[in-house]
$ cat protein_17.txt   # compact mmCIF, C-alpha atoms
# COMPACT_ATOMS: atom_id res chain seq x y z
CA MET A 6 0.00 0.00 0.00
CA ILE A 7 1.28 3.45 -0.95
CA ILE A 8 1.70 6.13 1.73
CA SER A 9 1.15 9.69 0.54
CA ILE A 10 3.61 12.01 2.25
CA CYS A 11 2.39 15.59 2.04
CA ILE A 12 4.52 18.60 2.93
CA PRO A 13 2.42 21.71 3.66
CA LEU A 14 4.50 24.70 2.55
CA TYR A 15 4.49 28.17 4.09
CA LYS A 16 7.51 30.47 3.92
CA SER A 17 9.70 27.41 3.84
CA ASN A 18 13.41 27.47 4.66
CA MET A 19 14.90 25.84 1.55
CA ILE A 20 17.75 24.21 3.46
CA TYR A 21 15.30 22.52 5.81
CA LEU A 22 12.88 21.69 3.00
CA LYS A 23 15.57 20.02 0.89
CA ALA A 24 16.50 17.86 3.89
CA ALA A 25 12.84 16.86 4.27
CA ILE A 26 12.56 15.89 0.60
CA GLU A 27 15.87 13.99 0.68
CA SER A 28 14.63 12.00 3.68
CA VAL A 29 11.67 10.79 1.61
CA LEU A 30 13.91 9.89 -1.33
CA ASN A 31 16.13 7.87 1.04
CA GLN A 32 13.35 5.66 2.43
CA THR A 33 14.07 1.93 2.67
CA SER A 34 10.62 1.33 1.15
CA ASN A 35 9.60 2.70 -2.24
CA SER A 36 5.89 2.54 -1.40
CA TRP A 37 5.39 6.29 -1.19
CA LYS A 38 4.44 9.34 -3.18
CA LEU A 39 5.40 12.87 -2.16
CA ILE A 40 3.10 15.86 -2.59
CA LEU A 41 4.20 19.40 -1.76
CA VAL A 42 1.21 21.66 -1.11
CA ASP A 43 2.06 25.35 -1.48
CA GLY A 44 0.03 27.41 0.98
CA ASN A 45 1.84 30.70 0.39
CA GLU A 46 -0.11 33.75 -0.80
CA LEU A 47 2.25 33.84 -3.75
CA PRO A 48 3.39 30.37 -4.91
CA SER A 49 7.11 29.71 -4.48
CA ASN A 50 8.96 29.62 -7.79
CA GLU A 51 12.08 28.44 -5.94
CA VAL A 52 10.31 25.35 -4.61
CA LYS A 53 8.68 24.61 -7.97
CA SER A 54 12.04 24.89 -9.76
CA TYR A 55 13.70 22.60 -7.25
CA ILE A 56 10.99 19.95 -7.61
CA ASP A 57 11.28 20.15 -11.40
CA SER A 58 15.05 19.67 -11.13
CA ILE A 59 14.60 16.42 -9.20
CA ASN A 60 12.47 15.06 -12.05
CA ASN A 61 10.93 12.23 -10.03
CA PRO A 62 7.47 11.01 -11.14
CA ASN A 63 6.57 10.20 -7.53
CA ILE A 64 7.00 13.83 -6.43
CA HIS A 65 4.25 16.34 -7.14
CA TYR A 66 3.84 20.07 -6.51
CA VAL A 67 0.35 21.55 -6.10
CA ILE A 68 -0.91 24.99 -5.16
CA ASN A 69 -3.52 25.35 -2.43
CA SER A 70 -6.34 27.26 -4.08
CA GLY A 71 -8.52 27.26 -0.96
CA ASP A 72 -8.09 28.01 2.74
CA ARG A 73 -4.42 28.74 3.44
CA SER A 74 -4.60 28.76 7.25
CA ILE A 75 -2.62 26.07 9.08
CA ALA A 76 -5.63 23.78 9.39
CA GLY A 77 -6.83 24.75 5.91
CA ASN A 78 -3.53 23.80 4.31
CA TRP A 79 -3.43 20.50 6.21
CA ASN A 80 -6.97 19.73 5.07
CA TYR A 81 -6.04 20.54 1.49
CA CYS A 82 -3.20 18.03 1.77
CA LEU A 83 -5.64 15.33 2.86
CA GLN A 84 -8.07 16.22 0.08
CA VAL A 85 -5.59 16.00 -2.82
CA VAL A 86 -4.28 12.52 -2.00
CA ASP A 87 -5.69 9.32 -3.50
CA THR A 88 -4.34 6.88 -0.88
CA ASP A 89 -5.82 5.89 2.48
CA LEU A 90 -2.55 6.34 4.40
CA VAL A 91 -1.31 9.92 4.62
CA THR A 92 1.51 11.62 6.52
CA LEU A 93 1.86 15.39 6.92
CA LEU A 94 5.62 15.95 7.01
CA HIS A 95 6.51 19.43 8.26
CA ASP A 96 8.79 21.38 5.96
CA ASP A 97 11.45 21.95 8.66
CA ASP A 98 11.68 18.32 9.83
CA TYR A 99 12.66 15.05 8.18
CA LEU A 100 11.97 11.33 8.30
CA ALA A 101 14.15 8.49 9.50
CA CYS A 102 15.00 6.22 6.56
CA ASN A 103 12.66 3.44 7.78
CA TYR A 104 9.59 5.61 8.51
CA VAL A 105 7.51 4.37 5.57
CA GLU A 106 8.51 0.74 6.17
CA GLU A 107 7.55 0.90 9.86
CA MET A 108 4.24 2.65 9.18
CA HIS A 109 3.33 -0.07 6.72
CA ILE A 110 4.01 -2.67 9.40
CA LEU A 111 1.87 -0.83 11.98
CA SER A 112 -1.00 -0.29 9.55
CA SER A 113 -1.00 -4.01 8.71
CA GLN A 114 -0.87 -5.09 12.35
CA TYR A 115 -3.66 -2.67 13.37
CA PRO A 116 -6.02 -2.50 10.35
CA ASP A 117 -8.78 -0.74 12.29
CA ALA A 118 -6.65 2.04 13.81
CA ALA A 119 -7.24 5.62 12.67
CA ALA A 120 -3.61 6.79 12.86
CA PHE A 121 -0.09 5.74 13.79
CA PHE A 122 2.65 7.79 15.44
CA SER A 123 6.26 7.34 16.48
CA ASN A 124 8.88 8.55 18.89
CA VAL A 125 11.24 11.29 17.68
CA LYS A 126 14.77 12.56 17.72
CA THR A 127 14.85 16.31 18.42
CA ILE A 128 17.40 18.64 16.85
CA ASN A 129 18.08 22.38 16.87
CA SER A 130 18.37 24.83 13.98
CA GLN A 131 21.93 23.63 13.27
CA GLY A 132 20.85 20.00 13.11
CA LYS A 133 22.44 19.05 16.43
CA THR A 134 20.64 16.78 18.89
CA CYS A 135 18.86 18.72 21.62
CA LEU A 136 16.42 18.03 24.45
CA THR A 137 14.14 20.79 25.69
CA VAL A 138 12.16 20.65 28.92
CA ALA A 139 9.01 20.02 26.86
CA ASP A 140 10.65 17.08 25.12
CA PHE A 141 11.83 15.67 28.47
CA VAL A 142 8.31 15.93 29.92
CA LYS A 143 6.83 14.15 26.89
CA THR A 144 9.33 11.35 27.47
CA LEU A 145 8.36 11.06 31.14
CA PHE A 146 4.63 10.83 30.45
CA ARG A 147 4.76 8.58 27.41
CA PRO A 148 3.92 5.01 28.50
CA ASN A 149 6.99 2.78 28.23
CA LYS A 150 5.75 0.33 25.60
CA VAL A 151 7.10 -0.71 22.20
CA HIS A 152 3.58 -0.37 20.80
CA LEU A 153 1.17 2.00 22.51
CA ASP A 154 -2.60 1.73 21.98
CA LEU A 155 -4.51 4.91 22.88
CA PHE A 156 -8.21 4.18 23.12
CA GLY A 157 -11.28 5.40 25.00
CA ASP A 158 -11.21 7.10 28.38
CA ASN A 159 -7.72 5.93 29.33
CA GLY A 160 -6.24 7.05 26.03
CA LEU A 161 -7.82 10.50 26.09
CA ALA A 162 -6.96 11.03 29.78
CA SER A 163 -3.34 10.13 29.00
CA LEU A 164 -3.12 12.81 26.30
CA LEU A 165 -4.93 15.42 28.42
CA LEU A 166 -2.48 14.85 31.25
CA ALA A 167 0.46 15.38 28.89
CA ASN A 168 0.23 15.31 25.10
CA HIS A 169 3.17 13.05 24.30
CA ILE A 170 2.41 12.77 20.57
CA PHE A 171 4.55 14.77 18.14
CA CYS A 172 1.86 15.58 15.58
CA PRO A 173 3.91 15.42 12.34
CA THR A 174 4.92 11.82 13.09
CA LEU A 175 1.34 10.71 12.50
CA CYS A 176 0.38 8.58 9.54
CA TYR A 177 -3.40 8.92 9.18
CA ARG A 178 -5.84 6.36 7.82
CA PHE A 179 -8.05 8.79 5.93
CA SER A 180 -11.10 6.51 5.91
CA LYS A 181 -11.17 6.53 9.74
CA LEU A 182 -10.85 10.29 10.28
CA PRO A 183 -13.74 12.33 11.73
CA GLU A 184 -15.89 14.48 9.49
CA GLY A 185 -14.50 17.98 9.14
CA LEU A 186 -10.88 16.85 9.50
CA PHE A 187 -8.78 19.67 11.00
CA ASP A 188 -10.77 22.51 12.58
CA THR A 189 -9.82 25.90 11.12
CA ARG A 190 -10.71 27.69 14.37
CA TRP A 191 -7.38 26.66 15.83
CA LYS A 192 -3.76 27.64 15.25
CA MET A 193 -1.97 25.69 17.99
CA VAL A 194 -4.24 22.82 19.04
CA VAL A 195 -5.21 21.79 15.50
CA ASP A 196 -3.69 18.35 16.04
CA PHE A 197 -4.97 17.70 19.57
CA ASP A 198 -8.49 18.65 18.53
CA LEU A 199 -8.37 15.91 15.90
CA TYR A 200 -6.88 13.33 18.32
CA TRP A 201 -9.67 13.69 20.83
CA ARG A 202 -12.38 13.54 18.19
CA ILE A 203 -10.80 10.34 16.81
CA LEU A 204 -10.88 8.80 20.28
CA LYS A 205 -14.40 10.08 20.96
CA GLU A 206 -15.61 8.22 17.85
CA GLY A 207 -14.21 4.97 19.26
CA HIS A 208 -11.08 4.67 17.12
CA HIS A 209 -7.54 3.77 18.16
CA LEU A 210 -4.28 5.73 17.91
CA ILE A 211 -1.28 3.38 17.72
CA GLY A 212 2.23 4.51 18.64
CA THR A 213 5.68 2.96 18.42
CA SER A 214 8.67 3.72 20.63
CA HIS A 215 10.96 3.61 17.60
CA LYS A 216 12.38 7.00 16.61
CA LEU A 217 11.14 7.36 13.04
CA TYR A 218 11.02 11.15 12.80
CA VAL A 219 13.46 14.01 13.32
CA TYR A 220 11.74 17.05 14.85
CA ARG A 221 13.49 20.42 14.59
CA ARG A 222 13.26 22.94 17.44
CA HIS A 223 14.04 26.52 16.39
CA ALA A 224 12.87 30.09 17.02
CA GLU A 225 10.91 30.30 13.76
CA ASN A 226 9.02 27.11 14.58
CA GLN A 227 5.27 27.75 14.71
CA THR A 228 5.02 26.23 18.19
CA SER A 229 7.66 28.65 19.52
CA LYS A 230 5.86 31.65 18.04
CA LEU A 231 2.46 30.66 19.40
CA THR A 232 3.90 29.96 22.85
CA GLN A 233 5.51 33.39 22.98
CA SER A 234 2.30 35.12 21.84
CA MET A 235 0.19 33.29 24.49
CA VAL A 236 -2.06 31.86 21.75
CA ARG A 237 -0.86 28.38 22.67
CA PHE A 238 -2.02 28.57 26.29
CA GLU A 239 -5.30 30.29 25.42
CA GLU A 240 -6.20 27.63 22.86
CA GLU A 241 -5.17 24.77 25.14
CA ARG A 242 -7.39 26.14 27.91
CA ASP A 243 -10.33 26.62 25.54
CA LEU A 244 -9.99 23.15 24.02
CA TYR A 245 -9.78 21.48 27.44
CA ASN A 246 -12.96 23.29 28.47
CA GLU A 247 -14.65 22.23 25.24
CA ILE A 248 -13.66 18.59 25.74
CA SER A 249 -14.90 18.60 29.33
CA CYS A 250 -18.30 19.91 28.22
CA SER A 251 -18.58 17.52 25.26
CA ILE A 252 -18.13 14.11 26.88
CA ASP A 253 -20.18 12.15 29.41
CA PRO A 254 -18.43 12.18 32.82
CA ILE A 255 -19.88 8.73 33.55
CA LYS A 256 -18.38 7.17 30.40
CA TRP A 257 -15.24 9.32 30.39
CA PRO A 258 -14.45 9.96 34.11
CA LYS A 259 -10.65 10.07 33.80
CA ALA A 260 -10.71 12.31 30.74
CA VAL A 261 -13.16 14.77 32.31
CA LYS A 262 -11.02 14.94 35.46
CA ALA A 263 -7.85 15.57 33.42
CA ALA A 264 -9.57 18.18 31.24
CA ASN A 265 -10.91 20.06 34.25
CA SER A 266 -7.61 20.04 36.14
CA LYS A 267 -5.53 21.39 33.21
CA LEU A 268 -2.52 20.37 35.28
CA MET A 269 0.07 20.30 32.51
CA ILE A 270 -1.06 23.66 31.11
CA LYS A 271 -0.69 25.24 34.56
CA LEU A 272 2.74 23.68 35.10
CA HIS A 273 3.91 24.82 31.66
CA VAL A 274 2.72 28.39 32.28
CA MET A 275 4.46 28.40 35.66
CA PHE A 276 7.69 27.14 34.10
CA LYS A 277 7.60 29.80 31.37
CA LEU A 278 6.83 32.43 34.02
CA LEU A 279 9.87 31.49 36.09
CA THR A 280 12.19 31.36 33.08
CA SER A 281 10.93 34.71 31.77
CA ILE A 282 11.66 36.30 35.16
CA PHE A 283 15.11 34.70 35.18
CA THR A 284 15.83 36.12 31.69
CA LEU A 285 14.40 39.55 32.68
CA ASP A 286 11.59 39.33 30.14
CA PHE A 287 9.10 41.06 32.43
CA VAL A 288 6.55 41.90 29.71
CA TYR A 289 6.10 38.22 28.93
CA ALA A 290 6.20 37.38 32.63
CA LYS A 291 3.34 39.80 33.30
CA SER A 292 1.19 38.19 30.60
CA LEU A 293 1.92 34.72 31.95
CA PHE A 294 1.17 35.74 35.52
CA LYS A 295 -2.24 37.21 34.57
CA PHE A 296 -3.10 34.09 32.60
CA PHE A 297 -2.00 31.82 35.44
CA LEU A 298 -4.23 33.64 37.93
CA LEU A 299 -7.24 33.44 35.60
CA MET A 300 -6.81 29.68 35.22
CA TRP A 301 -7.39 29.20 38.94
CA ARG A 302 -10.72 31.02 38.98

$ encode --input "protein_17.txt" --output "structure tokens"
Amino acid sequence: MIISICIPLYKSNMIYLKAAIESVLNQTSNSWKLILVDGNELPSNEVKSYIDSINNPNIHYVINSGDRSIAGNWNYCLQVVDTDLVTLLHDDDYLACNYVEEMHILSSQYPDAAAFFSNVKTINSQGKTCLTVADFVKTLFRPNKVHLDLFGDNGLASLLLANHIFCPTLCYRFSKLPEGLFDTRWKMVVDFDLYWRILKEGHHLIGTSHKLYVYRRHAENQTSKLTQSMVRFEEERDLYNEISCSIDPIKWPKAVKAANSKLMIKLHVMFKLLTSIFTLDFVYAKSLFKFFLLMWR
């Protein structure tokens, strides 16, 4: 079975993007096709020229003619593919050489699962291995299993306590995804919103402890920008409230408890508050402090 690997493009760093494309070309399995979806207001001639120079019939370049928001571009990726298995590779990351091979194995072993994810290696802007506090926390809270099956109340509660999934590692089974796909209301929690709706519909998310993806941490990373602007914390709070109000506390007791506590959000805000004070960033510290107080009301 072919896996469509889509790269949503937006103001892409060509050095990073070339590494992403090379990682697909270097897969141990040839059962893939690569689609680059250009979500820029003005299509990138540089990217188009580079793709043309590769001259590989399995690599395609398309222009997003619809919604170019983060969620909109991701949805466009899912809509242009003609395979059931789809991965959204971020344009600043890259795949381990056995990603496609391992995802094929998981999809065969778990034919009813809605998506599959993997562990990651994290690197910085220079490509050197790094480990942030966030990465360390994800490691602590990720269940220590070779194959992890997230399902029902236990699965959702686990993610609400600490979201240990790196979203771009996911290989989706399109036929099992909820109606509406990614919700364009969100900028930061686009992925988590889809996870919980998948679980709510009774589907499974299957993870492997193998490191099949290389995730790049850098200042221009969308996550870094949304954390600094407070959008991240605001959206996480709003989504947790929405989840709590949308599920039956009798059927989902652990998930409701985790959603109401918002423990990891509070701890993350407190950590950022302390580090901002330490680095003398008092403007950011003031915003964090106000937000932290409001969360306890």

$ residues_near_point --input "protein_17.txt" --point "(-4.0, -2.1, 12.2)" --cutoff "12 Å" --atoms "all atoms listed in the file" --output "ChimeraX atom specification"
/A:90,108-121,152,154,176-178,181,208-212

$ atom_distance --input "protein_17.txt" --atom1 "atom CA of A:Arg221" --atom2 "atom CA of A:Thr127"
5.8 Å

$ residues_near_point --input "protein_17.txt" --point "(7.1, 34.0, 32.9)" --cutoff "8 Å" --atoms "all atoms listed in the file" --output "PDB file with C-alpha atoms, in the frame of the given file"
ATOM      1  CA  VAL A 274       2.720  28.390  32.280  1.00  0.00           C
ATOM      2  CA  MET A 275       4.460  28.400  35.660  1.00  0.00           C
ATOM      3  CA  PHE A 276       7.690  27.140  34.100  1.00  0.00           C
ATOM      4  CA  LYS A 277       7.600  29.800  31.370  1.00  0.00           C
ATOM      5  CA  LEU A 278       6.830  32.430  34.020  1.00  0.00           C
ATOM      6  CA  LEU A 279       9.870  31.490  36.090  1.00  0.00           C
ATOM      7  CA  THR A 280      12.190  31.360  33.080  1.00  0.00           C
ATOM      8  CA  SER A 281      10.930  34.710  31.770  1.00  0.00           C
ATOM      9  CA  ILE A 282      11.660  36.300  35.160  1.00  0.00           C
ATOM     10  CA  ASP A 286      11.590  39.330  30.140  1.00  0.00           C
ATOM     11  CA  PHE A 287       9.100  41.060  32.430  1.00  0.00           C
ATOM     12  CA  TYR A 289       6.100  38.220  28.930  1.00  0.00           C
ATOM     13  CA  ALA A 290       6.200  37.380  32.630  1.00  0.00           C
ATOM     14  CA  LYS A 291       3.340  39.800  33.300  1.00  0.00           C
ATOM     15  CA  SER A 292       1.190  38.190  30.600  1.00  0.00           C
ATOM     16  CA  LEU A 293       1.920  34.720  31.950  1.00  0.00           C
ATOM     17  CA  PHE A 294       1.170  35.740  35.520  1.00  0.00           C
TER      18      PHE A 294
END

$ residues_around --input "protein_17.txt" --residues "stretch 24-32 of chain A" --least-positions-apart "3" --cutoff "7 Å" --atoms "all atoms listed in the file" --output "list in words"
Ile20, Tyr21, Asn35, Asp96, Asp97, Asp98, Tyr99, Leu100, Ala101, Cys102, Asn103 and Val105 of chain A

$ residues_around --input "protein_17.txt" --residues "A:Gly207" --least-positions-apart "3" --cutoff "9 Å" --atoms "all atoms listed in the file" --output "list in words"
Phe156, Gly157, Arg202, Ile203 and Leu204 of chain A

$ write_last_selection --input "protein_17.txt" --atoms "C-alpha atoms" --output "mmCIF file, in the coordinates of the input"
data_model
loop_
_atom_site.group_PDB
_atom_site.id
_atom_site.type_symbol
_atom_site.label_atom_id
_atom_site.label_comp_id
_atom_site.auth_asym_id
_atom_site.auth_seq_id
_atom_site.Cartn_x
_atom_site.Cartn_y
_atom_site.Cartn_z
ATOM 1 C CA PHE A 156 -8.210 4.180 23.120
ATOM 2 C CA GLY A 157 -11.280 5.400 25.000
ATOM 3 C CA ARG A 202 -12.380 13.540 18.190
ATOM 4 C CA ILE A 203 -10.800 10.340 16.810
ATOM 5 C CA LEU A 204 -10.880 8.800 20.280
#

$ closest_residue --input "protein_17.txt" --among "A:Phe179, A:Trp37, A:Trp201, A:Phe238" --to "A:Glu106" --atoms "all atoms listed in the file"
A:Trp37

$ closest_residue --input "protein_17.txt" --among "A:Met193, A:Met19, A:Cys11, A:Met235" --to "A:Leu39" --atoms "only C-alpha atoms"
A:Cys11

$ atom_distance --input "protein_17.txt" --atom1 "atom CA of A:Ser49" --atom2 "atom CA of A:Phe171"
27.2 Å

$ residues_around --input "protein_17.txt" --residues "A:Lys16" --least-positions-apart "5" --cutoff "10 Å" --atoms "all atoms listed in the file" --output "list in words"
Asp43, Gly44, Asn45, Glu46, Leu47, Pro48, Ser49 and Asp96 of chain A

$ closest_residue --input "protein_17.txt" --among "A:Val42, A:Val91, A:Ile75, A:Ala264" --to "A:Ile8" --atoms "all atoms listed in the file"
A:Val91

$ residues_around --input "protein_17.txt" --residues "A:Ser74" --least-positions-apart "6" --cutoff "10 Å" --atoms "only C-alpha atoms" --output "JSON list (two decimals) with C-alpha atoms, in the frame of the given file"
[["chain", "number", "residue", "atom", "x", "y", "z"],
["A", 15, "TYR", "CA", 4.49, 28.17, 4.09],
["A", 44, "GLY", "CA", 0.03, 27.41, 0.98],
["A", 45, "ASN", "CA", 1.84, 30.70, 0.39],
["A", 80, "ASN", "CA", -6.97, 19.73, 5.07],
["A", 189, "THR", "CA", -9.82, 25.90, 11.12],
["A", 190, "ARG", "CA", -10.71, 27.69, 14.37],
["A", 191, "TRP", "CA", -7.38, 26.66, 15.83],
["A", 192, "LYS", "CA", -3.76, 27.64, 15.25]]

$ atom_distance --input "protein_17.txt" --atom1 "atom CA of A:Ser163" --atom2 "atom CA of A:Lys262"
11.1 Å

$ residues_around --input "protein_17.txt" --residues "A:Leu166" --least-positions-apart "2" --cutoff "9 Å" --atoms "all atoms listed in the file" --output "PyMOL selection string"
chain A and resi 146+161-164+168+260+263-264+266-270

$ closest_residue --input "protein_17.txt" --among "A:Asp198, A:Ser34, A:His95, A:Asp72" --to "A:Glu247" --atoms "all atoms listed in the file"
A:Asp198

$ closest_residue --input "protein_17.txt" --among "A:Val125, A:Met6, A:Ile248, A:Val67" --to "A:Asp140" --atoms "only C-alpha atoms"
A:Val125

$ closest_residue --input "protein_17.txt" --among "A:Ser17, A:Ser58, A:Ser70, A:Thr213" --to "A:Ile170" --atoms "all atoms listed in the file"
A:Thr213
